[in-house]
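Below is structure.cif, holding mmCIF, C-alpha atoms and all ligand atoms.
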```
data_final
#
loop_
_atom_site.group_PDB
_atom_site.id
_atom_site.type_symbol
_atom_site.label_atom_id
_atom_site.label_comp_id
_atom_site.auth_asym_id
_atom_site.auth_seq_id
_atom_site.Cartn_x
_atom_site.Cartn_y
_atom_site.Cartn_z
ATOM 1 C CA MET A 1 97.274 112.151 98.144
ATOM 2 C CA ILE A 2 100.377 109.964 98.425
ATOM 3 C CA ALA A 3 103.316 110.879 100.658
ATOM 4 C CA LEU A 4 106.774 110.199 99.185
ATOM 5 C CA GLY A 5 110.082 110.157 100.985
ATOM 6 C CA CYS A 6 113.566 108.724 100.642
ATOM 7 C CA ASP A 7 117.197 109.019 101.631
ATOM 8 C CA HIS A 8 120.126 109.108 99.199
ATOM 9 C CA GLY A 9 120.030 105.301 98.767
ATOM 10 C CA GLY A 10 116.405 105.434 97.644
ATOM 11 C CA PHE A 11 116.511 108.657 95.649
ATOM 12 C CA ALA A 12 116.668 107.062 92.178
ATOM 13 C CA ILE A 13 113.682 104.753 92.741
ATOM 14 C CA LYS A 14 111.700 107.574 94.392
ATOM 15 C CA GLU A 15 112.216 109.653 91.243
ATOM 16 C CA ALA A 16 111.066 106.738 89.054
ATOM 17 C CA ILE A 17 107.944 106.362 91.232
ATOM 18 C CA LYS A 18 107.274 110.111 90.930
ATOM 19 C CA LYS A 19 107.396 109.826 87.137
ATOM 20 C CA TYR A 20 104.855 106.983 87.279
ATOM 21 C CA LEU A 21 102.568 108.990 89.594
ATOM 22 C CA ASP A 22 102.827 112.036 87.287
ATOM 23 C CA GLU A 23 101.970 109.931 84.231
ATOM 24 C CA SER A 24 99.038 108.331 86.093
ATOM 25 C CA GLY A 25 97.640 111.619 87.384
ATOM 26 C CA ILE A 26 98.039 110.506 91.007
ATOM 27 C CA GLU A 27 98.635 113.409 93.398
ATOM 28 C CA TYR A 28 101.562 113.241 95.778
ATOM 29 C CA ASN A 29 103.507 115.283 98.265
ATOM 30 C CA ASP A 30 107.271 114.747 97.956
ATOM 31 C CA PHE A 31 108.902 115.185 101.361
ATOM 32 C CA GLY A 32 112.438 114.692 99.943
ATOM 33 C CA THR A 33 115.309 114.114 99.941
ATOM 34 C CA ASN A 34 116.012 115.542 96.536
ATOM 35 C CA SER A 35 119.503 114.385 95.636
ATOM 36 C CA GLU A 36 122.005 111.590 96.205
ATOM 37 C CA GLU A 37 123.823 113.599 98.871
ATOM 38 C CA SER A 38 124.016 111.600 102.103
ATOM 39 C CA VAL A 39 121.169 112.262 104.572
ATOM 40 C CA ASP A 40 119.620 110.485 107.577
ATOM 41 C CA TYR A 41 116.663 108.263 106.637
ATOM 42 C CA PRO A 42 114.725 108.677 109.950
ATOM 43 C CA VAL A 43 114.090 112.340 109.059
ATOM 44 C CA TYR A 44 112.193 111.387 105.899
ATOM 45 C CA ALA A 45 110.524 108.375 107.489
ATOM 46 C CA LYS A 46 109.007 110.664 110.121
ATOM 47 C CA LYS A 47 107.819 113.273 107.614
ATOM 48 C CA VAL A 48 105.982 110.646 105.545
ATOM 49 C CA ALA A 49 104.702 108.663 108.548
ATOM 50 C CA ASP A 50 103.320 111.827 110.186
ATOM 51 C CA ALA A 51 101.553 112.792 106.960
ATOM 52 C CA VAL A 52 99.928 109.342 106.724
ATOM 53 C CA ALA A 53 99.104 109.001 110.435
ATOM 54 C CA SER A 54 97.447 112.441 110.483
ATOM 55 C CA GLY A 55 95.307 111.639 107.447
ATOM 56 C CA GLU A 56 96.930 114.404 105.366
ATOM 57 C CA CYS A 57 98.009 111.621 102.967
ATOM 58 C CA GLU A 58 96.174 108.328 102.518
ATOM 59 C CA LYS A 59 99.258 106.204 101.845
ATOM 60 C CA GLY A 60 103.018 106.576 101.801
ATOM 61 C CA VAL A 61 106.005 105.391 99.798
ATOM 62 C CA LEU A 62 109.427 105.323 101.457
ATOM 63 C CA CYS A 63 112.728 104.372 99.852
ATOM 64 C CA CYS A 64 116.217 103.924 101.281
ATOM 65 C CA GLY A 65 119.090 101.610 100.413
ATOM 66 C CA THR A 66 117.327 98.469 101.616
ATOM 67 C CA GLY A 67 113.879 99.771 102.651
ATOM 68 C CA ILE A 68 114.601 98.417 106.112
ATOM 69 C CA GLY A 69 115.882 101.381 108.123
ATOM 70 C CA ILE A 70 113.280 103.757 106.770
ATOM 71 C CA SER A 71 110.454 101.262 107.513
ATOM 72 C CA ILE A 72 111.688 100.626 111.063
ATOM 73 C CA ALA A 73 111.663 104.388 111.699
ATOM 74 C CA ALA A 74 108.211 104.870 110.120
ATOM 75 C CA ASN A 75 106.762 102.049 112.207
ATOM 76 C CA LYS A 76 107.591 104.000 115.388
ATOM 77 C CA VAL A 77 104.811 106.456 114.502
ATOM 78 C CA LYS A 78 101.455 105.451 115.966
ATOM 79 C CA GLY A 79 99.063 104.182 113.331
ATOM 80 C CA ILE A 80 101.722 103.308 110.787
ATOM 81 C CA ARG A 81 102.012 99.887 109.224
ATOM 82 C CA ALA A 82 105.036 100.154 106.932
ATOM 83 C CA ALA A 83 106.039 97.052 104.983
ATOM 84 C CA VAL A 84 109.305 96.346 103.193
ATOM 85 C CA VAL A 85 108.432 94.893 99.811
ATOM 86 C CA THR A 86 110.797 93.006 97.502
ATOM 87 C CA ASN A 87 108.375 91.246 95.172
ATOM 88 C CA GLU A 88 104.912 91.538 93.618
ATOM 89 C CA PHE A 89 103.350 88.948 95.928
ATOM 90 C CA CYS A 90 104.347 90.879 99.056
ATOM 91 C CA ALA A 91 103.181 94.180 97.518
ATOM 92 C CA GLU A 92 99.728 92.646 97.081
ATOM 93 C CA MET A 93 99.534 90.673 100.320
ATOM 94 C CA THR A 94 100.624 93.465 102.613
ATOM 95 C CA ARG A 95 97.611 95.452 101.434
ATOM 96 C CA ARG A 96 95.191 92.501 101.434
ATOM 97 C CA HIS A 97 96.168 91.030 104.810
ATOM 98 C CA ASN A 98 98.045 93.736 106.768
ATOM 99 C CA ASP A 99 96.261 96.884 105.520
ATOM 100 C CA ALA A 100 99.752 98.391 105.273
ATOM 101 C CA ASN A 101 99.635 102.154 104.803
ATOM 102 C CA ILE A 102 103.263 102.642 103.758
ATOM 103 C CA ILE A 103 105.317 100.640 101.264
ATOM 104 C CA ALA A 104 109.074 100.673 101.816
ATOM 105 C CA MET A 105 111.597 99.645 99.169
ATOM 106 C CA GLY A 106 115.344 99.529 98.704
ATOM 107 C CA GLY A 107 117.120 101.286 95.862
ATOM 108 C CA ARG A 108 120.081 98.945 96.335
ATOM 109 C CA VAL A 109 117.840 95.872 96.248
ATOM 110 C CA ILE A 110 115.345 96.348 93.417
ATOM 111 C CA SER A 111 115.297 98.064 90.020
ATOM 112 C CA GLU A 112 113.410 101.264 89.175
ATOM 113 C CA GLU A 113 110.975 99.181 87.105
ATOM 114 C CA GLN A 114 110.293 96.871 90.050
ATOM 115 C CA ALA A 115 109.814 99.848 92.387
ATOM 116 C CA VAL A 116 107.188 101.291 90.056
ATOM 117 C CA LYS A 117 105.451 97.918 89.639
ATOM 118 C CA PHE A 118 105.337 97.215 93.401
ATOM 119 C CA THR A 119 104.062 100.750 94.099
ATOM 120 C CA LYS A 120 101.312 100.363 91.489
ATOM 121 C CA ILE A 121 100.183 97.044 93.007
ATOM 122 C CA PHE A 122 100.322 98.499 96.525
ATOM 123 C CA LEU A 123 98.230 101.539 95.589
ATOM 124 C CA GLU A 124 95.649 99.547 93.634
ATOM 125 C CA THR A 125 95.081 96.643 96.046
ATOM 126 C CA PRO A 126 92.345 96.974 98.714
ATOM 127 C CA PHE A 127 92.394 95.485 102.213
ATOM 128 C CA ASP A 128 90.536 92.139 102.343
ATOM 129 C CA GLY A 129 88.964 92.962 105.716
ATOM 130 C CA ASP A 130 87.118 89.953 107.147
ATOM 131 C CA ARG A 131 89.341 87.793 109.431
ATOM 132 C CA HIS A 132 92.268 90.158 108.894
ATOM 133 C CA ILE A 133 90.522 93.045 110.676
ATOM 134 C CA LYS A 134 90.901 91.291 114.024
ATOM 135 C CA ARG A 135 94.608 90.725 113.451
ATOM 136 C CA VAL A 136 95.291 94.306 112.379
ATOM 137 C CA ASN A 137 93.366 95.459 115.465
ATOM 138 C CA MET A 138 95.640 93.230 117.565
ATOM 139 C CA ILE A 139 98.644 95.111 116.161
ATOM 140 C CA THR A 140 96.983 98.374 117.213
ATOM 141 C CA GLU A 141 96.422 96.953 120.704
ATOM 142 C CA ILE A 142 100.138 96.204 121.047
ATOM 143 C CA GLU A 143 100.849 99.754 119.902
ATOM 144 C CA ASN A 144 98.401 101.176 122.455
ATOM 145 C CA GLU A 145 99.931 99.139 125.272
ATOM 146 C CA ASN A 146 103.292 100.686 124.473
ATOM 147 C CA SER A 147 102.412 104.342 123.983
HETATM 148 C C1 LIG B 201 122.414 104.506 103.865
HETATM 149 O O1 LIG B 201 123.723 104.221 103.523
HETATM 150 C C2 LIG B 201 121.667 103.231 104.209
HETATM 151 O O2 LIG B 201 122.080 102.783 105.464
HETATM 152 C C3 LIG B 201 120.183 103.451 104.171
HETATM 153 O O3 LIG B 201 119.816 103.892 102.904
HETATM 154 C C4 LIG B 201 119.300 102.239 104.443
HETATM 155 O O4 LIG B 201 119.665 101.161 103.641
HETATM 156 C C5 LIG B 201 119.123 101.878 105.842
HETATM 157 O O5 LIG B 201 118.399 100.934 106.185
#
```
Represent the structure contained in this file as structure tokens.
Amino acid sequence: MIALGCDHGGFAIKEAIKKYLDESGIEYNDFGTNSEESVDYPVYAKKVADAVASGECEKGVLCCGTGIGISIAANKVKGIRAAVVTNEFCAEMTRRHNDANIIAMGGRVISEEQAVKFTKIFLETPFDGDRHIKRVNMITEIENENS
């Protein structure tokens, strides 16, 4: 189960990603927003981050104007590693090296086609493990020291 969320700036790419998930038979929970009416991105970041951190959803996709605000908010939730992605290389590497559990993208930065492509790569790429486990654990240690 994939958690989806966006603000008004990310609504169009979220809808394109939903279409791709529907066509691929991938289950998702859409936490909104559901129009281009102005809303506050931290609301949707928290809904998706909570769903991923609790295990209700295995990964999340968040979209705002840049992907930045919504990722910053999501990363405040313990256990979340949300990465802003602007190209295919980063979509792949943030799974392989960072074990990112949320991809964040900007509807004012990338096209709908790119958003779908980056989401597909993110969902299909496994974590490399190995030497990267230690580094991801170090991120968790920082989180634990501050919670
Ligand atoms: C909303 O105008 C915009 O600030 C938001 O979508 C996002 O880009 C924030 O980082």
task: Skip Asp130 of chain A itself and residues of its chain fewer than 6 positions away, then list as an MDAnalysis selection string all residues within 12 Å of it, counting all atoms listed in the file.
output: chainID A and resid 96:99 136:137
query: Applied to this file, what does the PyMOL selection byres (((chain A and resi 119) around 12) and not hetatm) return in terms of residues, put as JSON, numbers by chain?
result: {"A": [2, 4, 13, 14, 16, 17, 18, 19, 20, 21, 26, 59, 60, 61, 62, 63, 83, 84, 85, 86, 87, 88, 89, 90, 91, 92, 94, 95, 101, 102, 103, 104, 105, 112, 113, 114, 115, 116, 117, 118, 120, 121, 122, 123, 124, 125]}
message: Quick check on the file I pasted: which residues fall under the PyMOL selection byres (((chain A and resi 10) around 12) and not hetatm)? Write them as a PyMOL selection string.
response: chain A and resi 4-9+11-17+32-41+44-45+61-70+104-112+115
field: Contact residues around Lys76 of chain A with all atoms listed in the file at 10 Å, ignoring same-chain residues under 3 positions, as a VMD selection string
entry: chain A and resid 45 to 46 49 71 to 73 79 to 82 143
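With distances taken over only C-alpha atoms and all ligand atoms, A:Val43 is the one residue among A:Pro126, A:Val43, A:Ile133, A:Val52 lying closest to ligand LIG 201 (chain B).
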Let me have the centre and edge lengths of the axis-aligned box enclosing all listed atoms of ligand LIG 201 (chain B) with 3 Å padding on every side, in Å to one decimal, as JSON.
```
{"center_x": 121.1, "center_y": 102.7, "center_z": 104.5, "size_x": 11.3, "size_y": 9.6, "size_z": 9.3}
```
